[in-house]
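Next comes structure_8.cif, a file with mmCIF, C-alpha atoms.
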data_final
loop_
_atom_site.label_atom_id
_atom_site.label_comp_id
_atom_site.auth_asym_id
_atom_site.auth_seq_id
_atom_site.Cartn_x
_atom_site.Cartn_y
_atom_site.Cartn_z
CA MET A 206 -32.03 -18.19 12.92
CA ILE A 207 -28.97 -16.23 11.80
CA PRO A 208 -29.15 -12.52 12.80
CA TRP A 209 -28.36 -11.10 9.39
CA GLY A 210 -29.25 -7.57 10.50
CA GLY A 211 -26.67 -7.60 13.29
CA ILE A 212 -24.03 -9.19 11.08
CA SER A 213 -24.63 -6.56 8.38
CA CYS A 214 -24.27 -3.75 10.93
CA CYS A 215 -21.00 -5.21 12.22
CA LEU A 216 -19.63 -5.56 8.68
CA SER A 217 -20.63 -1.97 7.93
CA ALA A 218 -18.91 -0.88 11.12
CA ALA A 219 -15.73 -2.67 10.04
CA ALA A 220 -15.84 -0.98 6.63
CA LEU A 221 -16.35 2.46 8.22
CA TYR A 222 -13.52 1.78 10.65
CA LEU A 223 -11.17 0.98 7.76
CA LEU A 224 -12.27 4.15 5.96
CA GLY A 225 -11.61 6.14 9.10
CA ARG A 226 -8.14 4.65 9.45
CA SER A 227 -7.39 5.35 5.81
CA SER A 228 -8.51 8.98 6.13
CA GLY A 229 -6.50 9.33 9.33
CA ARG A 230 -3.37 7.98 7.65
CA ASP A 231 -3.88 10.38 4.73
CA ALA A 232 -4.22 13.28 7.16
CA GLU A 233 -1.02 12.27 8.95
CA ALA A 234 0.80 11.87 5.63
CA LEU A 235 -0.28 15.34 4.49
CA ASN A 236 0.66 16.85 7.81
CA SER A 237 4.15 15.31 7.64
CA VAL A 238 5.12 16.47 4.13
CA THR A 239 7.79 19.11 3.66
CA ARG A 240 6.18 22.51 3.19
CA VAL A 241 7.83 24.80 0.67
CA HIS A 242 6.73 28.35 1.40
CA GLN A 243 8.55 29.86 -1.59
CA LEU A 244 9.51 28.08 -4.78
CA LYS A 245 12.89 29.80 -4.78
CA ASP A 246 13.80 27.57 -1.84
CA LEU A 247 14.00 24.67 -4.28
CA GLY A 248 17.22 26.03 -5.72
CA ARG A 249 17.00 27.60 -9.20
CA SER A 250 15.04 30.27 -10.97
CA GLY A 251 12.81 29.07 -13.77
CA ASP A 252 13.23 32.32 -15.71
CA SER A 253 16.98 32.97 -15.83
CA GLY A 254 18.37 29.56 -14.95
CA THR A 255 20.87 31.10 -12.54
CA LEU A 256 21.64 29.75 -9.13
CA PHE A 257 20.32 31.50 -6.10
CA PRO A 258 22.64 32.91 -3.41
CA PRO A 259 24.58 30.52 -1.15
CA VAL A 260 21.98 30.75 1.59
CA ILE A 261 19.31 29.34 -0.75
CA ALA A 262 21.75 26.73 -2.01
CA LEU A 263 22.36 25.61 1.56
CA ARG A 264 18.61 25.16 2.01
CA LEU A 265 18.58 23.00 -1.12
CA VAL A 266 21.39 20.83 0.25
CA GLN A 267 19.46 20.35 3.48
CA LEU A 268 16.34 19.48 1.53
CA LEU A 269 18.19 16.93 -0.60
CA ASP A 270 19.77 15.44 2.51
CA THR A 271 16.30 14.90 3.93
CA ALA A 272 15.27 13.26 0.65
CA CYS A 273 18.12 10.79 0.89
CA LYS A 274 16.93 9.66 4.29
CA VAL A 275 13.22 9.42 3.50
CA LEU A 276 12.37 8.61 -0.13
CA PRO A 277 10.47 9.81 -2.00
CA LEU A 278 10.68 13.46 -1.02
CA VAL A 279 7.05 14.61 -0.86
CA VAL A 280 6.55 18.35 -0.70
CA THR A 281 3.67 20.78 -0.84
CA VAL A 282 3.87 23.95 -2.92
CA SER A 283 1.41 26.71 -3.70
CA GLY A 284 1.13 29.13 -6.55
CA ARG A 285 -0.92 30.23 -9.53
CA VAL A 286 -1.43 28.18 -12.66
CA SER A 287 0.65 29.40 -15.57
CA ALA A 288 1.84 28.11 -18.95
CA ASP A 289 4.06 29.37 -21.74
CA THR A 290 1.54 28.29 -24.41
CA PRO A 291 -1.92 28.14 -22.84
CA ILE A 292 -4.93 26.73 -24.65
CA ASN A 293 -7.55 29.16 -25.98
CA CYS A 294 -10.97 27.64 -25.30
CA GLU A 295 -13.26 27.59 -28.32
CA TYR A 296 -16.61 28.24 -26.62
CA SER A 297 -15.84 30.03 -23.35
CA GLY A 298 -12.94 32.11 -24.56
CA LEU A 299 -10.89 31.25 -21.44
CA ARG A 300 -7.19 30.49 -21.45
CA GLY A 301 -6.37 27.27 -19.67
CA VAL A 302 -3.82 24.50 -19.29
CA ILE A 303 -6.23 21.56 -19.16
CA VAL A 304 -9.37 21.52 -21.33
CA GLU A 305 -11.95 18.74 -21.50
CA GLU A 306 -14.76 18.88 -24.02
CA THR A 307 -17.73 16.53 -24.20
CA ALA A 308 -20.61 16.43 -26.68
CA GLU A 309 -23.86 14.56 -25.98
CA GLN A 310 -26.58 13.89 -28.54
CA HIS A 311 -30.01 14.36 -26.97
CA PHE A 312 -33.05 12.75 -28.56
CA LEU A 313 -36.51 11.32 -27.93
CA LYS A 314 -36.85 7.55 -28.18
CA HIS A 315 -40.05 5.65 -28.93
CA ASN A 316 -40.48 2.86 -26.38
CA ASP A 317 -42.60 -0.28 -26.45
CA ALA A 318 -45.44 1.41 -24.55
CA GLY A 319 -45.96 3.85 -27.41
CA SER A 320 -44.66 6.95 -25.62
CA TRP A 321 -41.58 9.10 -26.19
CA ILE A 322 -38.83 9.22 -23.56
CA GLN A 323 -35.78 11.47 -23.50
CA ASP A 324 -32.33 9.91 -23.74
CA SER A 325 -28.78 10.90 -24.64
CA ALA A 326 -25.63 9.36 -26.09
CA LEU A 327 -22.01 10.49 -25.80
CA MET A 328 -20.68 11.63 -29.15
CA LEU A 329 -17.33 13.20 -28.28
CA SER A 330 -14.96 13.18 -25.32
CA MET A 331 -11.74 15.12 -25.88
CA SER A 332 -9.03 16.30 -23.50
CA LYS A 333 -6.10 18.64 -24.05
CA GLU A 334 -3.23 19.54 -21.75
CA VAL A 335 -0.11 21.63 -22.20
CA PRO A 336 2.96 21.73 -19.93
CA TRP A 337 2.10 23.99 -17.05
CA TYR A 338 3.57 25.08 -13.76
CA LEU A 339 2.86 26.89 -10.53
CA ASP A 340 4.31 30.36 -10.16
CA ASP A 341 4.41 32.17 -6.84
CA GLY A 342 6.52 35.11 -8.02
CA THR A 343 9.80 33.60 -6.82
CA GLY A 344 10.09 30.51 -9.00
CA ARG A 345 8.34 27.82 -11.01
CA ALA A 346 7.41 24.20 -10.35
CA PHE A 347 6.10 22.11 -13.24
CA ILE A 348 3.25 19.73 -12.41
CA VAL A 349 3.23 16.31 -14.13
CA GLY A 350 0.16 14.05 -14.30
CA ALA A 351 -2.20 16.41 -12.52
CA ARG A 352 -5.30 14.87 -14.13
CA GLY A 353 -4.89 11.75 -12.00
CA ALA A 354 -4.45 13.67 -8.74
CA THR A 355 -6.93 13.82 -5.89
CA GLY A 356 -8.92 17.01 -5.48
CA LEU A 357 -8.55 18.38 -9.01
CA VAL A 358 -11.85 19.90 -10.14
CA LEU A 359 -12.13 21.56 -13.54
CA THR A 360 -14.29 24.65 -13.90
CA VAL A 361 -17.26 24.47 -16.27
CA GLY A 362 -16.28 27.17 -18.73
CA SER A 363 -19.12 26.75 -21.19
CA GLU A 364 -22.32 24.73 -21.59
CA VAL A 365 -24.01 25.15 -24.98
CA PHE A 366 -26.99 23.34 -26.49
CA GLU A 367 -27.08 23.26 -30.29
CA GLU A 368 -30.45 22.35 -31.75
CA SER A 369 -30.56 19.83 -34.59
CA GLY A 370 -31.22 21.00 -38.14
CA ARG A 371 -34.69 20.81 -39.69
CA SER A 372 -33.77 18.50 -42.57
CA LEU A 373 -36.92 16.76 -43.84
CA VAL A 374 -35.14 13.66 -45.12
CA ARG A 375 -33.05 13.17 -41.98
CA GLY A 376 -36.03 13.80 -39.75
CA THR A 377 -38.12 11.23 -41.65
CA LEU A 378 -35.40 8.58 -41.42
CA ASP A 379 -34.92 9.16 -37.70
CA TYR A 380 -38.68 9.02 -37.12
CA LEU A 381 -38.89 5.69 -38.93
CA GLN A 382 -36.22 4.40 -36.56
CA GLY A 383 -38.22 5.61 -33.55
CA LEU A 384 -36.05 8.67 -32.86
CA LYS A 385 -36.53 12.43 -32.69
CA MET A 386 -33.27 14.37 -32.59
CA LEU A 387 -33.31 17.34 -30.21
CA GLY A 388 -29.76 18.63 -30.43
CA VAL A 389 -26.19 18.41 -29.16
CA LYS A 390 -25.11 19.55 -25.70
CA ARG A 391 -21.46 20.65 -25.52
CA ILE A 392 -19.76 21.07 -22.15
CA GLU A 393 -16.32 22.61 -21.82
CA ARG A 394 -14.35 22.17 -18.59
CA VAL A 395 -11.11 24.02 -18.08
CA LEU A 396 -8.35 24.70 -15.57
CA PRO A 397 -7.86 28.44 -16.20
CA THR A 398 -4.55 30.19 -15.92
CA GLY A 399 -4.17 32.28 -12.79
CA THR A 400 -6.05 29.75 -10.62
CA PRO A 401 -4.44 29.42 -7.16
CA LEU A 402 -3.60 25.79 -6.39
CA THR A 403 -1.89 23.73 -3.73
CA VAL A 404 0.02 20.69 -4.97
CA VAL A 405 1.29 17.81 -2.84
CA GLY A 406 3.57 15.36 -4.62
CA GLU A 407 7.04 13.98 -5.16
CA LEU A 408 9.82 16.41 -5.93
CA LEU A 409 12.00 15.06 -8.72
CA ILE A 410 15.54 15.22 -7.35
CA SER A 411 17.22 14.36 -10.67
CA ALA A 412 15.47 17.27 -12.32
CA ILE A 413 16.87 19.61 -9.70
CA LYS A 414 20.43 18.56 -10.45
CA ASP A 415 20.38 19.12 -14.23
CA ASP A 416 21.71 22.19 -15.99
CA VAL A 417 18.29 23.55 -16.92
CA GLY A 418 17.17 23.62 -13.33
CA THR A 419 13.56 22.60 -14.07
CA ILE A 420 11.62 21.63 -10.96
CA ARG A 421 8.90 19.01 -11.39
CA ILE A 422 6.35 17.55 -9.03
CA GLN A 423 4.64 14.27 -9.87
CA ARG A 424 2.70 11.40 -8.30
CA PRO A 425 4.92 9.51 -5.84
CA HIS A 426 5.21 5.75 -5.96
CA LYS A 427 3.89 5.67 -2.42
CA GLY A 428 2.34 8.70 -0.83
CA PRO A 429 -0.27 11.43 -1.33
CA PHE A 430 -0.77 13.30 -4.58
CA TYR A 431 -3.14 16.25 -4.34
CA VAL A 432 -3.93 19.11 -6.70
CA SER A 433 -6.50 21.26 -4.96
CA PRO A 434 -7.57 24.89 -4.67
CA LYS A 435 -7.65 24.40 -0.88
CA SER A 436 -4.68 25.04 1.37
CA ILE A 437 -2.70 22.21 2.94
CA ASP A 438 -4.06 23.06 6.41
CA HIS A 439 -7.61 22.90 5.11
CA LEU A 440 -6.95 19.51 3.47
CA VAL A 441 -5.50 18.09 6.70
CA ALA A 442 -8.42 19.41 8.77
CA ASN A 443 -10.97 18.05 6.29
CA LEU A 444 -9.42 14.57 6.25
CA GLY A 445 -9.20 14.55 10.05
CA LYS A 446 -12.88 15.51 10.32
CA TRP A 447 -13.95 12.70 7.99
CA ALA A 448 -11.75 10.23 9.91
CA ARG A 449 -13.51 11.14 13.16
CA TRP A 450 -16.97 10.89 11.59
CA TYR A 451 -16.15 7.46 10.15
CA LYS A 452 -14.99 6.24 13.55
CA TYR A 453 -18.06 7.60 15.34
CA ALA A 454 -20.34 5.91 12.77
CA SER A 455 -18.33 2.71 13.15
CA VAL A 456 -18.89 2.72 16.92
CA GLY A 457 -22.62 3.33 16.44
CA PHE A 458 -23.03 0.50 13.94
CA THR A 459 -20.99 -1.80 16.19
CA VAL A 460 -23.19 -1.12 19.22
CA PHE A 461 -26.39 -1.61 17.25
CA GLY A 462 -25.09 -4.77 15.56
CA VAL A 463 -23.99 -6.28 18.89
CA TYR A 464 -27.42 -5.45 20.32
CA LEU A 465 -29.19 -7.25 17.46
CA ILE A 466 -26.89 -10.29 17.73
CA ALA A 467 -27.27 -10.44 21.53
CA LYS A 468 -31.04 -10.12 21.24
CA SER A 469 -31.20 -12.96 18.74
CA ALA A 470 -28.87 -15.11 20.87
CA ILE A 471 -30.95 -14.52 24.01
CA GLN A 472 -34.16 -15.41 22.17
CA TYR A 473 -32.50 -18.56 20.84
CA PHE A 474 -31.29 -19.66 24.29
CA MET A 475 -34.66 -18.89 25.89
CA GLU A 476 -36.38 -20.96 23.23
CA ARG A 477 -33.95 -23.81 23.78
CA LYS A 478 -34.47 -23.56 27.55
CA ARG A 479 -38.23 -23.70 27.08
CA CYS A 480 -37.89 -26.78 24.89
CA TRP A 481 -35.64 -28.47 27.47
CA GLU A 482 -38.13 -27.66 30.23
CA LEU A 483 -40.96 -29.21 28.25
CA ARG A 484 -38.80 -32.22 27.49
CA ARG A 485 -37.93 -32.58 31.18
CA ARG A 486 -41.62 -32.47 32.11
CA VAL A 487 -42.45 -35.07 29.49
CA LEU A 488 -39.65 -37.38 30.66
CA ALA A 489 -40.68 -36.92 34.30
CA ALA A 490 -44.28 -37.78 33.48
CA ALA A 491 -43.14 -40.76 31.45
CA SER A 492 -40.97 -41.97 34.34
CA LYS A 493 -43.89 -41.63 36.75
CA ARG A 494 -46.13 -43.54 34.38
CA SER A 495 -43.53 -46.26 34.04
CA GLY A 496 -43.32 -46.56 37.83
CA GLN A 497 -47.09 -46.94 38.15
CA ASP A 498 -47.16 -49.66 35.52
CA SER A 499 -44.34 -51.58 37.22
CA GLU A 500 -46.38 -51.85 40.47
CA ASP A 501 -48.84 -54.25 38.79
CA PRO A 502 -46.76 -57.29 37.67
CA VAL A 503 -49.85 -59.33 36.77
CA ALA A 504 -51.06 -56.68 34.40
CA LYS A 505 -47.55 -56.38 33.07
CA ASP A 506 -47.40 -60.11 32.29
CA GLU A 507 -50.84 -60.17 30.76
CA ASN A 508 -50.35 -57.12 28.62
CA GLY A 509 -46.65 -57.20 27.85
CA SER A 510 -47.15 -56.31 24.26
CA ASP A 511 -49.35 -53.34 25.22
CA ASP A 512 -46.70 -52.08 27.69
CA THR A 513 -44.03 -52.25 25.02
CA LYS A 514 -46.25 -50.25 22.73
CA ARG A 515 -46.89 -47.65 25.43
CA GLU A 516 -43.19 -47.32 26.23
CA ARG A 517 -42.57 -46.69 22.57
CA LEU A 518 -45.22 -43.93 22.66
CA ILE A 519 -43.96 -42.31 25.89
CA PRO A 520 -41.87 -39.59 24.11
CA ASP A 521 -45.07 -38.58 22.28
CA LEU A 522 -46.87 -37.40 25.43
CA CYS A 523 -48.82 -34.18 25.33
CA VAL A 524 -46.80 -31.34 26.86
CA ILE A 525 -49.97 -29.88 28.45
CA CYS A 526 -51.54 -32.78 30.33
CA LEU A 527 -48.46 -35.07 30.32
CA GLU A 528 -50.76 -38.11 30.29
CA GLN A 529 -52.21 -38.67 26.83
CA GLU A 530 -50.51 -38.92 23.46
CA TYR A 531 -50.48 -35.57 21.63
CA ASN A 532 -52.91 -35.18 18.77
CA ALA A 533 -52.58 -31.48 17.92
CA VAL A 534 -49.98 -29.11 16.50
CA PHE A 535 -49.20 -25.62 17.79
CA VAL A 536 -48.18 -23.06 15.16
CA PRO A 537 -46.85 -19.73 16.58
CA VAL A 538 -48.69 -17.74 13.90
CA TRP A 539 -52.09 -19.07 15.02
CA PRO A 540 -53.70 -17.53 18.14
CA TYR A 541 -55.27 -20.82 19.26
CA VAL A 542 -54.25 -24.37 20.12
CA LEU A 543 -56.44 -27.37 19.33
CA LEU A 544 -56.14 -29.89 22.18
CA TYR A 545 -58.28 -33.02 22.38
CA ASN A 546 -60.96 -31.53 20.16
CA VAL A 547 -61.38 -28.51 22.44
CA LEU A 548 -60.53 -24.99 21.28
CA PHE A 549 -58.66 -22.88 23.83
CA SER A 550 -57.33 -19.39 23.41
CA LEU A 551 -53.75 -18.77 24.46
CA ASP A 552 -54.91 -16.77 27.48
CA GLN A 553 -57.13 -19.61 28.61
CA LEU A 554 -54.43 -22.16 27.86
CA SER A 555 -51.98 -20.39 30.17
CA THR A 556 -54.43 -20.77 33.08
CA LEU A 557 -54.82 -24.55 32.73
CA PRO A 558 -53.52 -26.44 35.81
CA THR A 559 -50.23 -28.30 35.45
CA THR A 560 -50.54 -32.06 35.89
CA ASP A 561 -48.11 -33.46 38.45
#
Just give me the structure as structure tokens.
Amino acid sequence: MIPWGGISCCLSAAALYLLGRSSGRDAEALNSVTRVHQLKDLGRSGDSGTLFPPVIALRLVQLLDTACKVLPLVVTVSGRVSADTPINCEYSGLRGVIVEETAEQHFLKHNDAGSWIQDSALMLSMSKEVPWYLDDGTGRAFIVGARGATGLVLTVGSEVFEESGRSLVRGTLDYLQGLKMLGVKRIERVLPTGTPLTVVGELLISAIKDDVGTIRIQRPHKGPFYVSPKSIDHLVANLGKWARWYKYASVGFTVFGVYLIAKSAIQYFMERKRCWELRRRVLAAASKRSGQDSEDPVAKDENGSDDTKRERLIPDLCVICLEQEYNAVFVPVWPYVLLYNVLFSLDQLSTLPTTD
């Protein structure tokens, strides 16, 4: 029998091990990115467009030289969310740079059992985003494609439930269709201005070299892309913790899976050994019987056909007495064995003498 439980545990251990390795690689990648403590170190001011002093320019040259050796140049920057033209939220009144609005129609539905159950359907899903940047007081860095980044969580700015109108005609039509309209639930999620964020992504080198001096950070072709309210050190520590937990769980599942497989294998080999022992006893008894029959040549000549028939029936000897042909079947589920029309319990059967 295949030990499916042990195999499943081993496969789960392999999956957890891969997750642990992936989290560990992400932690190492985050820990190895270039940390920009002040946005002015990137070279230009986003407000005036003027170059910084030569010392800052030298830092930029060193940064670009590093980018030429290891591409893409992945950096981490921190600052507060800002925008030149923020979005004014309709329901919450907040000012944000990313706004997502969803509307769900809630209603009661008449099912086949004759009762009413509550259900909902999505009516509207809308998203708005304006160009925005991080500002730490020394410079700006525009963030591109933040909605697809890891760790971005929008704040629930407003959650409003609007009850449906009491129109008699509409209510009658909905009732005939097996529906009772309750109302519309509108949820507004927003990334407010002034929110402190940490962004890990690719620094666009070409954008640094243009005349405008706009600095942009986007998703790299290969590497981490995070937009999170947590600091870079907290992100690295969190990923490292999950990597360790995945590896510990992988070891536990591996040990348990190996135990189940070994247990099943031992039971299988013990069963096979028991079968071989019974077969050896049957063959030994058959050989002894054959030797006794060969001592009487007269009987062998007179009853040749009977001897041939007995030799053909030798493998069918009873494994208990090793003398007569078996006429009963042992089923492991049953607590008794029927042998020669006598009912023995398993305890009594184990005390029967072995026939030599």
Translate the PyMOL selection byres ((chain A and resi 298) around 12), as applied to the file shown, into an explicit residue set as a list of chain:residue names.
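Selected by the PyMOL selection byres ((chain A and resi 298) around 12) in this file: A:Pro291, A:Ile292, A:Asn293, A:Cys294, A:Glu295, A:Tyr296, A:Ser297, A:Leu299, A:Arg300, A:Gly301, A:Val304, A:Gly362, A:Ser363, A:Glu393, A:Arg394, A:Val395, A:Pro397.
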Please report, as CSV, each residue of region 369-482 of chain A lying at most 9 Å from region 278-282 of chain A, together with the nearest pair of atoms and the separation in Å rounded to one decimal; use all atoms listed in the file, and order rows by chain and ascending residue number.
residue,atom,partner,partner_atom,distance
A:Leu402,CA,A:Val282,CA,8.4
A:Thr403,CA,A:Val282,CA,5.8
A:Val404,CA,A:Val282,CA,5.4
A:Val405,CA,A:Thr281,CA,4.3
A:Gly406,CA,A:Val279,CA,5.2
A:Glu407,CA,A:Val279,CA,4.3
A:Leu408,CA,A:Leu278,CA,5.8
A:Leu409,CA,A:Leu278,CA,8.0
A:Ile410,CA,A:Leu278,CA,8.2
A:Ile422,CA,A:Val280,CA,8.4
A:Pro425,CA,A:Val279,CA,7.4
A:Gly428,CA,A:Val279,CA,7.6
A:Pro429,CA,A:Val279,CA,8.0
A:Phe430,CA,A:Val279,CA,8.8
A:Tyr431,CA,A:Thr281,CA,8.9
A:Ile437,CA,A:Thr281,CA,7.5
Let me make sure I understand: among A:Ala308, A:Asp246, A:Ser325, A:Thr398, which one has the smallest atom-to-atom distance to Asp289 (chain A) if we use only C-alpha atoms?
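Smallest distance to Asp289 (chain A) is found for A:Thr398.
Here the question is which of A:Ala232, A:Ile471, A:Ile207, A:Ala326 gets nearest to Gly445 (chain A) using only C-alpha atoms, and that residue is A:Ala232.
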Region 216-230 of chain A environment, 6 Å, all atoms listed in the file, sequence neighbours closer than 6 positions dropped, as a VMD selection string
chain A and resid 444 to 445 448 451 to 452 455 458 to 459
Store the residues picked out above in a file with C-alpha atoms, as a JSON list (two decimals), in the coordinates of the input.
[["chain", "number", "residue", "atom", "x", "y", "z"],
["A", 444, "LEU", "CA", -9.42, 14.57, 6.25],
["A", 445, "GLY", "CA", -9.20, 14.55, 10.05],
["A", 448, "ALA", "CA", -11.75, 10.23, 9.91],
["A", 451, "TYR", "CA", -16.15, 7.46, 10.15],
["A", 452, "LYS", "CA", -14.99, 6.24, 13.55],
["A", 455, "SER", "CA", -18.33, 2.71, 13.15],
["A", 458, "PHE", "CA", -23.03, 0.50, 13.94],
["A", 459, "THR", "CA", -20.99, -1.80, 16.19]]
